[in-house]
file data.txt (compact mmCIF, C-alpha atoms)
# COMPACT_ATOMS: atom_id res chain seq x y z
CA MET A 1 2.80 25.69 -29.30
CA LYS A 2 6.51 24.81 -29.33
CA PRO A 3 7.22 21.46 -27.54
CA LEU A 4 8.64 21.93 -24.03
CA ASN A 5 11.51 20.16 -22.28
CA ASN A 6 9.71 20.34 -18.94
CA TYR A 7 6.12 19.56 -19.86
CA ARG A 8 6.04 16.75 -17.27
CA TRP A 9 5.91 19.45 -14.57
CA TRP A 10 2.86 20.97 -16.24
CA VAL A 11 1.26 17.52 -16.12
CA CYS A 12 2.17 17.36 -12.44
CA ALA A 13 0.54 20.76 -11.87
CA LEU A 14 -2.58 19.53 -13.65
CA ILE A 15 -3.02 16.52 -11.37
CA ALA A 16 -2.18 18.71 -8.37
CA THR A 17 -5.12 20.91 -9.42
CA ALA A 18 -7.38 17.85 -9.58
CA THR A 19 -6.23 16.85 -6.10
CA ALA A 20 -6.98 20.37 -4.86
CA ILE A 21 -10.52 20.11 -6.24
CA ASN A 22 -10.81 16.66 -4.65
CA TYR A 23 -10.02 18.02 -1.21
CA LEU A 24 -12.13 21.13 -1.68
CA ASP A 25 -15.08 18.83 -2.40
CA ARG A 26 -14.19 16.61 0.54
CA GLN A 27 -13.98 19.52 2.97
CA ASN A 28 -17.41 20.88 2.08
CA LEU A 29 -19.18 18.78 4.69
CA PRO A 30 -16.76 19.32 7.61
CA ILE A 31 -16.65 23.09 7.02
CA ALA A 32 -20.39 23.47 6.51
CA ILE A 33 -21.57 20.99 9.17
CA GLY A 34 -22.42 23.71 11.70
CA GLU A 35 -24.66 25.43 9.15
CA ILE A 36 -26.12 22.16 7.85
CA ARG A 37 -27.15 21.19 11.39
CA LYS A 38 -29.37 24.29 11.47
CA THR A 39 -31.56 22.67 8.81
CA ILE A 40 -30.75 18.94 9.20
CA GLU A 41 -30.37 17.57 12.73
CA ILE A 42 -27.18 15.44 12.90
CA SER A 43 -25.73 13.85 16.05
CA ASP A 44 -22.01 13.18 16.61
CA PHE A 45 -22.61 9.47 16.02
CA GLU A 46 -24.55 10.15 12.79
CA TYR A 47 -21.78 12.50 11.62
CA GLY A 48 -19.21 9.76 12.25
CA LEU A 49 -21.44 7.29 10.39
CA ILE A 50 -21.81 9.63 7.39
CA ASN A 51 -18.02 9.94 7.24
CA SER A 52 -17.78 6.15 7.42
CA LEU A 53 -20.13 5.79 4.44
CA PHE A 54 -17.87 8.09 2.46
CA LEU A 55 -14.80 6.13 3.52
CA PHE A 56 -16.38 2.77 2.70
CA ALA A 57 -17.22 3.91 -0.83
CA TYR A 58 -13.87 5.70 -1.16
CA GLY A 59 -11.93 2.63 -0.06
CA THR A 60 -13.89 0.26 -2.28
CA MET A 61 -13.45 2.45 -5.33
CA TYR A 62 -9.78 2.98 -4.48
CA ALA A 63 -9.25 -0.72 -5.31
CA VAL A 64 -11.75 -0.98 -8.15
CA GLY A 65 -10.75 2.44 -9.46
CA GLY A 66 -7.06 1.57 -9.38
CA ARG A 67 -7.70 -1.53 -11.46
CA THR A 68 -9.97 0.50 -13.76
CA ILE A 69 -7.23 3.08 -14.29
CA ASP A 70 -4.78 0.33 -15.27
CA LEU A 71 -7.31 -1.12 -17.75
CA LEU A 72 -8.74 2.11 -19.23
CA GLY A 73 -5.53 4.10 -19.07
CA SER A 74 -4.87 7.23 -17.07
CA LYS A 75 -6.55 9.70 -19.46
CA MET A 76 -9.98 8.10 -19.74
CA GLY A 77 -9.95 6.65 -16.23
CA TYR A 78 -9.18 9.96 -14.54
CA ALA A 79 -11.87 11.77 -16.54
CA VAL A 80 -14.53 9.22 -15.55
CA MET A 81 -13.64 9.52 -11.85
CA ILE A 82 -13.83 13.32 -11.76
CA LEU A 83 -17.08 13.44 -13.73
CA TRP A 84 -18.64 11.08 -11.19
CA TRP A 85 -17.43 12.82 -8.04
CA SER A 86 -18.33 16.28 -9.38
CA ALA A 87 -21.90 15.16 -10.07
CA ALA A 88 -22.09 13.56 -6.61
CA ASN A 89 -20.87 16.76 -5.01
CA ILE A 90 -23.66 18.73 -6.66
CA ILE A 91 -26.19 16.21 -5.28
CA HIS A 92 -25.12 17.18 -1.74
CA GLY A 93 -26.65 20.59 -2.31
CA LEU A 94 -30.03 19.09 -3.16
CA VAL A 95 -30.67 16.79 -0.17
CA SER A 96 -32.71 17.55 2.95
CA SER A 97 -32.18 14.60 5.33
CA VAL A 98 -29.46 12.64 7.11
CA THR A 99 -30.20 9.70 4.81
CA GLY A 100 -29.86 11.86 1.71
CA LEU A 101 -26.64 13.36 2.98
CA GLY A 102 -25.24 9.90 3.71
CA LEU A 103 -26.17 8.70 0.20
CA ALA A 104 -24.59 11.75 -1.43
CA ARG A 105 -21.46 11.23 0.65
CA PHE A 106 -21.33 7.57 -0.42
CA LEU A 107 -21.58 8.57 -4.10
CA LEU A 108 -18.82 11.16 -3.63
CA GLY A 109 -16.55 8.47 -2.19
CA LEU A 110 -17.14 6.23 -5.20
CA GLY A 111 -15.78 8.92 -7.51
CA GLU A 112 -12.95 10.28 -5.37
CA GLY A 113 -11.61 6.78 -4.69
CA GLY A 114 -10.06 6.63 -8.15
CA GLY A 115 -8.29 9.99 -7.94
CA PHE A 116 -5.09 9.06 -6.13
CA PRO A 117 -4.49 5.79 -8.03
CA ALA A 118 -4.87 7.77 -11.25
CA SER A 119 -2.42 10.42 -10.06
CA ALA A 120 0.09 7.76 -9.01
CA LYS A 121 -0.14 6.16 -12.42
CA VAL A 122 0.38 9.49 -14.18
CA VAL A 123 3.52 10.09 -12.09
CA SER A 124 4.87 6.62 -12.91
CA GLU A 125 4.27 7.28 -16.63
CA TRP A 126 5.67 10.80 -16.81
CA PHE A 127 8.56 10.80 -14.31
CA PRO A 128 11.79 8.84 -13.95
CA GLN A 129 12.34 7.27 -10.54
CA ARG A 130 14.73 9.98 -9.35
CA GLU A 131 12.01 12.65 -9.67
CA ARG A 132 8.99 10.72 -8.46
CA SER A 133 9.09 11.71 -4.80
CA ILE A 134 9.15 15.39 -5.83
CA ALA A 135 6.23 14.81 -8.23
CA PHE A 136 4.31 13.00 -5.49
CA GLY A 137 5.05 15.89 -3.15
CA ILE A 138 3.72 18.44 -5.65
CA PHE A 139 0.49 16.67 -6.48
CA ASN A 140 0.00 15.68 -2.84
CA ALA A 141 0.40 19.37 -1.95
CA GLY A 142 -2.65 19.92 -4.13
CA SER A 143 -4.74 18.24 -1.43
CA SER A 144 -3.47 20.77 1.09
CA LEU A 145 -4.08 23.64 -1.35
CA GLY A 146 -7.70 22.55 -1.71
CA ALA A 147 -8.03 22.18 2.05
CA VAL A 148 -6.41 25.62 2.61
CA MET A 149 -8.81 27.23 0.15
CA ALA A 150 -11.84 25.47 1.60
CA PRO A 151 -12.41 27.23 4.97
CA PRO A 152 -12.32 30.89 3.80
CA LEU A 153 -13.87 30.17 0.39
CA LEU A 154 -16.71 28.01 1.68
CA ALA A 155 -17.32 30.34 4.61
CA ALA A 156 -17.66 33.24 2.16
CA ILE A 157 -20.09 31.29 -0.05
CA ILE A 158 -22.21 30.32 2.98
CA SER A 159 -22.24 33.92 4.22
CA LEU A 160 -23.29 35.25 0.81
CA ALA A 161 -25.74 32.48 -0.12
CA ASN A 162 -26.16 29.24 1.88
CA TRP A 163 -24.44 25.91 2.48
CA ARG A 164 -26.05 24.23 -0.54
CA TRP A 165 -24.18 26.46 -3.00
CA THR A 166 -20.80 25.36 -1.62
CA PHE A 167 -21.45 21.87 -3.00
CA ILE A 168 -22.95 22.99 -6.28
CA LEU A 169 -20.19 25.45 -7.21
CA SER A 170 -17.31 23.13 -6.31
CA GLY A 171 -18.95 20.36 -8.35
CA LEU A 172 -19.12 22.64 -11.38
CA LEU A 173 -15.42 23.43 -10.91
CA GLY A 174 -14.59 19.73 -11.27
CA LEU A 175 -16.57 19.46 -14.50
CA GLY A 176 -14.53 22.34 -15.93
CA TRP A 177 -11.28 20.53 -15.02
CA VAL A 178 -12.28 17.51 -17.12
CA VAL A 179 -12.43 19.66 -20.25
CA LEU A 180 -8.90 20.93 -19.59
CA TRP A 181 -7.63 17.41 -18.84
CA TYR A 182 -8.90 16.00 -22.11
CA ARG A 183 -7.29 18.81 -24.07
CA MET A 184 -3.85 18.67 -22.42
CA TYR A 185 -3.13 15.08 -21.38
CA SER A 186 -1.69 12.06 -23.20
CA LEU A 187 1.08 9.53 -22.61
CA PRO A 188 4.57 11.03 -23.01
CA SER A 189 5.19 9.16 -26.27
CA ASN A 190 2.04 10.70 -27.82
CA SER A 191 2.27 14.19 -26.34
CA ARG A 192 2.40 17.08 -28.80
CA TYR A 193 3.44 19.41 -25.97
CA SER A 194 6.55 17.46 -24.85
CA SER A 195 9.87 17.69 -26.71
CA SER A 196 11.76 14.70 -28.10
CA ALA A 197 14.54 15.29 -25.57
CA GLU A 198 12.09 15.15 -22.69
CA LYS A 199 10.47 11.99 -24.06
CA ASP A 200 13.88 10.33 -24.22
CA TYR A 201 14.71 11.51 -20.71
CA ILE A 202 11.47 10.04 -19.34
CA ASN A 203 11.86 6.78 -21.25
CA ASN A 204 15.46 6.29 -20.13
CA GLY A 205 14.46 6.79 -16.51
CA GLN A 206 11.75 4.12 -16.58
CA SER A 207 12.30 0.59 -15.34
CA SER A 208 12.05 -2.11 -18.01
CA ALA A 209 10.99 -4.67 -15.43
CA GLY A 210 7.72 -6.34 -16.29
CA VAL A 211 7.46 -4.81 -19.76
CA GLY A 212 5.68 -7.16 -22.15
CA LYS A 213 4.52 -9.50 -19.40
CA PRO A 214 0.81 -10.23 -18.95
CA GLN A 215 -1.04 -8.33 -16.23
CA PRO A 216 -1.43 -10.60 -13.16
CA SER A 217 -4.91 -11.40 -11.88
CA TRP A 218 -6.34 -8.96 -9.36
CA LEU A 219 -6.50 -11.55 -6.57
CA SER A 220 -2.86 -12.57 -7.08
CA TYR A 221 -1.77 -9.22 -5.63
CA PHE A 222 -3.04 -10.34 -2.22
CA ASN A 223 -0.36 -13.05 -2.16
CA ASN A 224 2.44 -10.53 -2.54
CA ARG A 225 4.28 -9.55 0.67
CA ASP A 226 5.24 -6.11 -0.64
CA VAL A 227 1.56 -5.27 -1.22
CA TRP A 228 0.80 -5.97 2.44
CA THR A 229 3.89 -3.99 3.47
CA VAL A 230 2.72 -0.77 1.80
CA ILE A 231 -0.75 -1.30 3.28
CA LEU A 232 0.46 -1.81 6.85
CA VAL A 233 2.81 1.18 6.91
CA LYS A 234 -0.08 3.47 5.89
CA ILE A 235 -3.22 2.08 7.52
CA PHE A 236 -2.75 3.54 11.02
CA PRO A 237 -1.48 7.01 9.97
CA ASP A 238 -4.31 7.48 7.48
CA SER A 239 -6.90 6.71 10.17
CA ALA A 240 -5.48 9.61 12.17
CA TRP A 241 -5.44 11.87 9.08
CA TYR A 242 -9.13 11.36 8.34
CA PHE A 243 -9.90 12.10 11.98
CA PHE A 244 -8.06 15.43 11.71
CA ILE A 245 -9.63 16.56 8.44
CA PHE A 246 -13.20 15.48 9.29
CA TRP A 247 -13.28 16.69 12.90
CA LEU A 248 -11.07 19.82 12.96
CA PRO A 249 -13.81 22.29 11.91
CA LYS A 250 -16.37 20.56 14.14
CA TYR A 251 -13.97 20.65 17.11
CA LEU A 252 -13.40 24.38 16.57
CA ASN A 253 -17.17 24.90 16.55
CA ASP A 254 -18.14 22.51 19.37
CA VAL A 255 -15.32 23.11 21.86
CA ARG A 256 -13.71 26.43 20.90
CA GLY A 257 -17.01 28.12 20.05
CA LEU A 258 -16.02 29.44 16.62
CA ASP A 259 -18.74 30.42 14.15
CA ILE A 260 -18.48 29.80 10.37
CA VAL A 261 -16.62 33.08 9.76
CA SER A 262 -14.07 32.37 12.51
CA ILE A 263 -13.61 28.80 11.25
CA GLY A 264 -12.85 30.31 7.85
CA LEU A 265 -10.20 32.52 9.46
CA TYR A 266 -8.44 29.75 11.44
CA ALA A 267 -9.07 26.33 9.90
CA TRP A 268 -6.97 26.93 6.78
CA ILE A 269 -3.73 27.28 8.74
CA PRO A 270 -3.13 23.58 9.57
CA TYR A 271 -3.84 22.67 5.94
CA ALA A 272 -1.25 25.18 4.77
CA PHE A 273 1.31 23.41 6.93
CA ALA A 274 0.10 20.10 5.50
CA GLY A 275 1.03 21.41 2.05
CA ILE A 276 4.49 22.32 3.33
CA GLY A 277 4.79 18.76 4.62
CA SER A 278 3.99 17.33 1.19
CA LEU A 279 6.65 19.43 -0.52
CA LEU A 280 9.17 18.90 2.27
CA GLY A 281 8.81 15.12 2.13
CA GLY A 282 9.35 14.98 -1.62
CA TRP A 283 12.28 17.41 -1.49
CA LEU A 284 14.05 15.74 1.44
CA SER A 285 13.90 12.25 -0.02
CA SER A 286 15.18 13.45 -3.40
CA PHE A 287 17.91 15.51 -1.69
CA LEU A 288 19.15 12.41 0.15
CA LEU A 289 19.14 10.39 -3.07
CA GLN A 290 21.21 13.08 -4.78
CA ARG A 291 23.74 12.76 -1.92
CA ASN A 292 24.12 9.05 -2.75
CA VAL A 293 22.10 7.88 0.26
CA SER A 294 20.45 4.55 -0.55
CA LEU A 295 16.85 4.55 -1.77
CA ALA A 296 15.65 2.66 1.31
CA VAL A 297 17.27 5.08 3.77
CA SER A 298 16.16 8.10 1.72
CA ARG A 299 12.58 7.00 2.21
CA LYS A 300 12.87 5.98 5.89
CA ILE A 301 14.47 9.19 7.22
CA PRO A 302 11.53 11.45 6.17
CA LEU A 303 9.05 8.86 7.47
CA GLY A 304 10.75 8.86 10.88
CA LEU A 305 10.87 12.66 11.10
CA ALA A 306 7.20 12.88 10.14
CA ALA A 307 6.09 10.31 12.72
CA ALA A 308 7.92 12.23 15.46
CA LEU A 309 5.69 15.30 14.91
CA LEU A 310 2.31 13.66 15.44
CA PRO A 311 2.38 13.20 19.24
CA ALA A 312 2.11 17.02 19.43
CA SER A 313 -1.62 16.54 18.81
CA LEU A 314 -1.95 15.09 22.33
CA LEU A 315 -1.63 18.67 23.65
CA ILE A 316 -4.42 20.22 21.55
CA THR A 317 -7.22 20.01 24.10
CA SER A 318 -5.19 21.43 27.00
CA VAL A 319 -3.85 24.67 25.49
CA SER A 320 -5.20 28.01 24.26
CA LEU A 321 -6.70 28.34 20.77
CA PRO A 322 -3.52 29.75 19.11
CA TRP A 323 -1.43 26.90 20.51
CA ALA A 324 -4.09 24.38 19.51
CA ILE A 325 -3.77 25.64 15.92
CA VAL A 326 0.04 25.28 16.19
CA PHE A 327 -0.23 21.67 17.33
CA PHE A 328 -2.86 20.90 14.68
CA SER A 329 -0.46 22.35 12.13
CA MET A 330 2.47 20.25 13.34
CA ALA A 331 0.34 17.11 13.16
CA MET A 332 -0.92 17.80 9.65
CA LEU A 333 2.51 18.79 8.36
CA GLY A 334 3.83 15.52 9.75
CA HIS A 335 1.12 13.45 8.16
CA GLN A 336 1.51 14.86 4.66
CA LEU A 337 5.28 14.46 4.88
CA TYR A 338 4.70 10.82 5.87
CA SER A 339 1.99 10.26 3.26
CA THR A 340 4.07 11.60 0.37
CA ILE A 341 6.81 9.06 1.02
CA ALA A 342 4.38 6.23 1.80
CA GLN A 343 2.71 6.73 -1.60
CA THR A 344 6.07 6.91 -3.35
CA LEU A 345 6.96 3.48 -1.96
CA VAL A 346 4.49 1.89 -4.38
CA THR A 347 6.41 3.23 -7.39
CA ASP A 348 9.67 2.08 -5.74
CA LEU A 349 8.47 -1.48 -5.23
CA PHE A 350 6.31 -2.12 -8.30
CA PRO A 351 6.53 -1.50 -12.08
CA SER A 352 4.45 1.20 -13.77
CA GLN A 353 1.83 -1.20 -15.16
CA ALA A 354 1.01 -2.41 -11.63
CA VAL A 355 1.10 0.97 -9.84
CA GLY A 356 -2.60 1.78 -10.29
CA THR A 357 -3.72 -1.63 -9.03
CA VAL A 358 -1.36 -1.71 -6.03
CA THR A 359 -2.13 1.89 -5.09
CA GLY A 360 -5.82 1.05 -5.34
CA LEU A 361 -5.57 -2.02 -3.13
CA MET A 362 -3.51 -0.09 -0.60
CA GLY A 363 -5.97 2.79 -0.55
CA CYS A 364 -8.93 0.42 -0.26
CA LEU A 365 -7.78 -1.45 2.82
CA VAL A 366 -6.24 1.64 4.41
CA THR A 367 -9.52 3.52 3.98
CA TYR A 368 -11.53 0.60 5.39
CA GLY A 369 -9.34 0.93 8.48
CA ALA A 370 -10.11 4.66 8.60
CA MET A 371 -13.81 3.88 8.17
CA LEU A 372 -13.84 1.64 11.26
CA PHE A 373 -11.78 4.24 13.13
CA SER A 374 -14.32 6.94 12.19
CA VAL A 375 -17.18 4.94 13.72
CA LEU A 376 -15.08 4.31 16.83
CA ILE A 377 -13.97 7.91 17.20
CA GLY A 378 -17.53 9.24 16.79
CA HIS A 379 -18.57 7.01 19.69
CA VAL A 380 -15.54 8.05 21.78
CA ILE A 381 -16.21 11.76 21.24
CA GLY A 382 -19.91 11.32 21.97
CA GLU A 383 -19.18 9.50 25.24
CA SER A 384 -15.89 10.99 26.49
CA GLY A 385 -15.15 14.14 24.51
CA TYR A 386 -12.22 15.02 22.27
CA GLY A 387 -9.36 14.40 24.73
CA PRO A 388 -9.16 10.59 24.36
CA ALA A 389 -9.66 10.91 20.59
CA PHE A 390 -6.57 13.13 20.20
CA ILE A 391 -4.51 10.79 22.39
CA ILE A 392 -5.37 7.81 20.18
CA ALA A 393 -4.81 9.72 16.92
CA GLY A 394 -1.46 11.12 18.06
CA MET A 395 0.11 7.67 18.49
CA LEU A 396 -0.85 6.10 15.15
CA HIS A 397 1.98 7.58 13.03
CA PRO A 398 4.74 6.37 15.40
CA LEU A 399 3.10 2.93 15.18
CA GLY A 400 3.20 3.16 11.39
CA PHE A 401 6.90 4.04 11.44
CA ILE A 402 7.67 1.05 13.67
CA LEU A 403 6.09 -1.10 10.96
CA VAL A 404 8.27 0.67 8.36
CA LEU A 405 11.40 -0.37 10.26
CA LEU A 406 10.17 -3.93 10.69
CA LEU A 407 8.84 -4.59 7.19
CA LEU A 408 10.77 -2.47 4.69
CA LYS A 409 14.10 -4.14 3.99
CA LYS A 410 16.76 -2.73 1.68
CA ASP A 411 16.51 -5.53 -0.89
CA LYS A 412 12.79 -4.87 -1.40
CA PHE A 413 13.57 -1.74 -3.42
CA VAL A 414 15.15 -3.73 -6.25
CA ARG A 415 12.34 -6.26 -6.78
CA ASN A 416 10.49 -4.05 -9.24
CA ASP A 417 9.11 -6.86 -11.39
CA LEU A 418 5.66 -8.19 -12.21
CA ALA A 419 7.05 -11.71 -11.84
CA THR A 420 7.17 -11.19 -8.07
CA ILE A 421 3.37 -10.72 -7.94

call {"tool": "encode", "arguments": {"input": "data.txt", "output": "structure tokens"}}
result
Amino acid sequence: MKPLNNYRWWVCALIATATAINYLDRQNLPIAIGEIRKTIEISDFEYGLINSLFLFAYGTMYAVGGRTIDLLGSKMGYAVMILWWSAANIIHGLVSSVTGLGLARFLLGLGEGGGFPASAKVVSEWFPQRERSIAFGIFNAGSSLGAVMAPPLLAAIISLANWRWTFILSGLLGLGWVVLWYRMYSLPSNSRYSSSAEKDYINNGQSSAGVGKPQPSWLSYFNNRDVWTVILVKIFPDSAWYFFIFWLPKYLNDVRGLDIVSIGLYAWIPYAFAGIGSLLGGWLSSFLLQRNVSLAVSRKIPLGLAAALLPASLLITSVSLPWAIVFFSMAMLGHQLYSTIAQTLVTDLFPSQAVGTVTGLMGCLVTYGAMLFSVLIGHVIGESGYGPAFIIAGMLHPLGFILVLLLLKKDKFVRNDLATI
């Protein structure tokens, strides 16, 4: 194969595919819950608790996995994570109790927690700063692609076989991805698929800050103000996001009366708009940078636009089904637009060799927040219905953007040095 001048975009497509598989695996339970409850009795509180077990494991491994990725390297680290979560997904199809389902969900979270830190590290290694928001948008869109595929695909599998096969087949898909990853991926400097011109382009676009300096201790990151900044601007919006992705299919079944086939017909639409949000966020920020808008402002404008869309979710419970899908779609587009930029901030504020660790710490604490929110929201829905839950979720992104304005100062975007940790 002749070396390519744009192989980095093939790498980006590869991690986008992994992210799609990640979200396909994650959506198995929410999509299939109506069918699972026909064989395993699960209350709203128990469903919220099962989601919390996933989020606890996911958040813990986000931190540990991020550090592992930095130590093992992106190639080996990513492969280990996907092997683990694919095996855990298959286990879902073998259980027959709430306890077994909770354990399988916990194991899935342990594997998936390393996925996004690994993807962030790959982007920092393969892309110069000017292209990173686009790369983040593309691989982040993979999550929406997986979520878009999930409702019709899983509904078809359940209709043809049963809910257990949805977990088994998607787990096998992840195992196949690992083989492709090991064949195609390496660092840019070692890649036989990337041209010399592209390698020079990537190298010239990398920051030299922190190169050759020893890796700081894991605990020292907690003393860094910028670490807490990226955590705080993401913790509230992500709690709302997990509410939307875990409870959308169940809401359509419980309140709107849709069966598994109808859920397959409707539930993919908001996720399609989420994918548009991922691409739009990356494109808009890069567009502003190309127009000589400062890096700080180029990140804040998309964040503000995204946050303004989420209050639409307050209207979901009071409108007809088509309009409910519209407002779900607006909310999920807004979140993925917000999330793409929020993840890019880590590569703006920290050097490549710290990206995996910082992304991991951010994901850990953010997911712990979502875990507590999941327990709370399961109780709220059980006691008061979905109305109060959508009101709470709809205000969390505007709160996150207020924190962006308060905490992200212009000078923070030039302190890209391990010495500041």

call {"tool": "residues_near_point", "arguments": {"input": "data.txt", "point": "(8.1, 11.7, 1.9)", "cutoff": "6 Å", "atoms": "only C-alpha atoms", "output": "count of residues only"}}
result
7

call {"tool": "residues_around", "arguments": {"input": "data.txt", "residues": "Asn190 (chain A)", "least_positions_apart": "3", "cutoff": "12 Å", "atoms": "only C-alpha atoms", "output": "count of residues only"}}
result
12

call {"tool": "closest_residue", "arguments": {"input": "data.txt", "among": "A:Ile21, A:Ala312, A:Val375, A:Ala296", "to": "Gly146 (chain A)", "atoms": "only C-alpha atoms"}}
result
A:Ile21

call {"tool": "residues_around", "arguments": {"input": "data.txt", "residues": "Ala141 (chain A)", "least_positions_apart": "3", "cutoff": "7 Å", "atoms": "only C-alpha atoms", "output": "PyMOL selection string"}}
result
chain A and resi 16+137-138+144-145+275+278-279

call {"tool": "closest_residue", "arguments": {"input": "data.txt", "among": "A:Tyr251, A:Phe401, A:Phe327, A:Phe246", "to": "Val230 (chain A)", "atoms": "only C-alpha atoms"}}
result
A:Phe401

call {"tool": "closest_residue", "arguments": {"input": "data.txt", "among": "A:Ala354, A:Ala324, A:Ala393, A:Ala13", "to": "Pro237 (chain A)", "atoms": "only C-alpha atoms"}}
result
A:Ala393

call {"tool": "atom_distance", "arguments": {"input": "data.txt", "atom1": "CA of Val404 (chain A)", "atom2": "CA of Met371 (chain A)"}}
result
22.3 Å

call {"tool": "atom_distance", "arguments": {"input": "data.txt", "atom1": "CA of Leu314 (chain A)", "atom2": "CA of Phe56 (chain A)"}}
result
27.3 Å

call {"tool": "atom_distance", "arguments": {"input": "data.txt", "atom1": "CA of Ile82 (chain A)", "atom2": "CA of Thr357 (chain A)"}}
result
18.3 Å

call {"tool": "closest_residue", "arguments": {"input": "data.txt", "among": "A:Ser86, A:Ser374, A:Ser294, A:Asn253", "to": "Ile168 (chain A)", "atoms": "all atoms listed in the file"}}
result
A:Ser86

call {"tool": "residues_around", "arguments": {"input": "data.txt", "residues": "Val233 (chain A)", "least_positions_apart": "5", "cutoff": "9 Å", "atoms": "all atoms listed in the file", "output": "PyMOL selection string"}}
result
chain A and resi 228+342+397+399-404+407

call {"tool": "closest_residue", "arguments": {"input": "data.txt", "among": "A:Ile202, A:Tyr271, A:Asp254, A:Gly264", "to": "Ala20 (chain A)", "atoms": "only C-alpha atoms"}}
result
A:Tyr271

call {"tool": "closest_residue", "arguments": {"input": "data.txt", "among": "A:Asn223, A:Ser96, A:Ala307, A:Leu14", "to": "Lys38 (chain A)", "atoms": "all atoms listed in the file"}}
result
A:Ser96

call {"tool": "residues_around", "arguments": {"input": "data.txt", "residues": "Ala88 (chain A)", "least_positions_apart": "3", "cutoff": "9 Å", "atoms": "only C-alpha atoms", "output": "list in words"}}
result
Leu83, Trp84, Trp85, Ile91, His92, Ala104, Arg105, Phe106, Leu107, Leu108, Gly109, Leu110, Gly111 and Gly171 of chain A

call {"tool": "write_last_selection", "arguments": {"input": "data.txt", "atoms": "C-alpha atoms", "output": "mmCIF file, in the coordinates of the input"}}
result
data_model
loop_
_atom_site.group_PDB
_atom_site.id
_atom_site.type_symbol
_atom_site.label_atom_id
_atom_site.label_comp_id
_atom_site.auth_asym_id
_atom_site.auth_seq_id
_atom_site.Cartn_x
_atom_site.Cartn_y
_atom_site.Cartn_z
ATOM 1 C CA LEU A 83 -17.080 13.440 -13.730
ATOM 2 C CA TRP A 84 -18.640 11.080 -11.190
ATOM 3 C CA TRP A 85 -17.430 12.820 -8.040
ATOM 4 C CA ILE A 91 -26.190 16.210 -5.280
ATOM 5 C CA HIS A 92 -25.120 17.180 -1.740
ATOM 6 C CA ALA A 104 -24.590 11.750 -1.430
ATOM 7 C CA ARG A 105 -21.460 11.230 0.650
ATOM 8 C CA PHE A 106 -21.330 7.570 -0.420
ATOM 9 C CA LEU A 107 -21.580 8.570 -4.100
ATOM 10 C CA LEU A 108 -18.820 11.160 -3.630
ATOM 11 C CA GLY A 109 -16.550 8.470 -2.190
ATOM 12 C CA LEU A 110 -17.140 6.230 -5.200
ATOM 13 C CA GLY A 111 -15.780 8.920 -7.510
ATOM 14 C CA GLY A 171 -18.950 20.360 -8.350
#

call {"tool": "build_atoms", "arguments": {"input": "data.txt", "residues": "region 284-295 of chain A", "atoms": "N, CA and C atoms", "output": "mmCIF file, in the frame of the given file"}}
result
data_model
loop_
_atom_site.group_PDB
_atom_site.id
_atom_site.type_symbol
_atom_site.label_atom_id
_atom_site.label_comp_id
_atom_site.auth_asym_id
_atom_site.auth_seq_id
_atom_site.Cartn_x
_atom_site.Cartn_y
_atom_site.Cartn_z
ATOM 1 N N LEU A 284 13.056 16.353 0.578
ATOM 2 C CA LEU A 284 14.050 15.740 1.440
ATOM 3 C C LEU A 284 14.491 14.383 0.924
ATOM 4 N N SER A 285 13.539 13.569 0.485
ATOM 5 C CA SER A 285 13.900 12.250 -0.020
ATOM 6 C C SER A 285 14.755 12.354 -1.279
ATOM 7 N N SER A 286 14.378 13.258 -2.181
ATOM 8 C CA SER A 286 15.180 13.450 -3.400
ATOM 9 C C SER A 286 16.559 14.018 -3.082
ATOM 10 N N PHE A 287 16.627 14.934 -2.113
ATOM 11 C CA PHE A 287 17.910 15.510 -1.690
ATOM 12 C C PHE A 287 18.842 14.409 -1.177
ATOM 13 N N LEU A 288 18.327 13.503 -0.379
ATOM 14 C CA LEU A 288 19.150 12.410 0.150
ATOM 15 C C LEU A 288 19.618 11.488 -0.971
ATOM 16 N N LEU A 289 18.748 11.229 -1.936
ATOM 17 C CA LEU A 289 19.140 10.390 -3.070
ATOM 18 C C LEU A 289 20.266 11.043 -3.874
ATOM 19 N N GLN A 290 20.170 12.355 -4.039
ATOM 20 C CA GLN A 290 21.210 13.080 -4.780
ATOM 21 C C GLN A 290 22.544 13.088 -4.041
ATOM 22 N N ARG A 291 22.518 12.845 -2.727
ATOM 23 C CA ARG A 291 23.740 12.760 -1.920
ATOM 24 C C ARG A 291 24.209 11.313 -1.777
ATOM 25 N N ASN A 292 23.716 10.456 -2.681
ATOM 26 C CA ASN A 292 24.120 9.050 -2.750
ATOM 27 C C ASN A 292 23.711 8.233 -1.521
ATOM 28 N N VAL A 293 22.695 8.707 -0.791
ATOM 29 C CA VAL A 293 22.100 7.880 0.260
ATOM 30 C C VAL A 293 21.230 6.832 -0.430
ATOM 31 N N SER A 294 21.203 5.621 0.086
ATOM 32 C CA SER A 294 20.450 4.550 -0.550
ATOM 33 C C SER A 294 18.960 4.897 -0.626
ATOM 34 N N LEU A 295 18.273 4.273 -1.590
ATOM 35 C CA LEU A 295 16.850 4.550 -1.770
ATOM 36 C C LEU A 295 16.065 4.206 -0.508
#
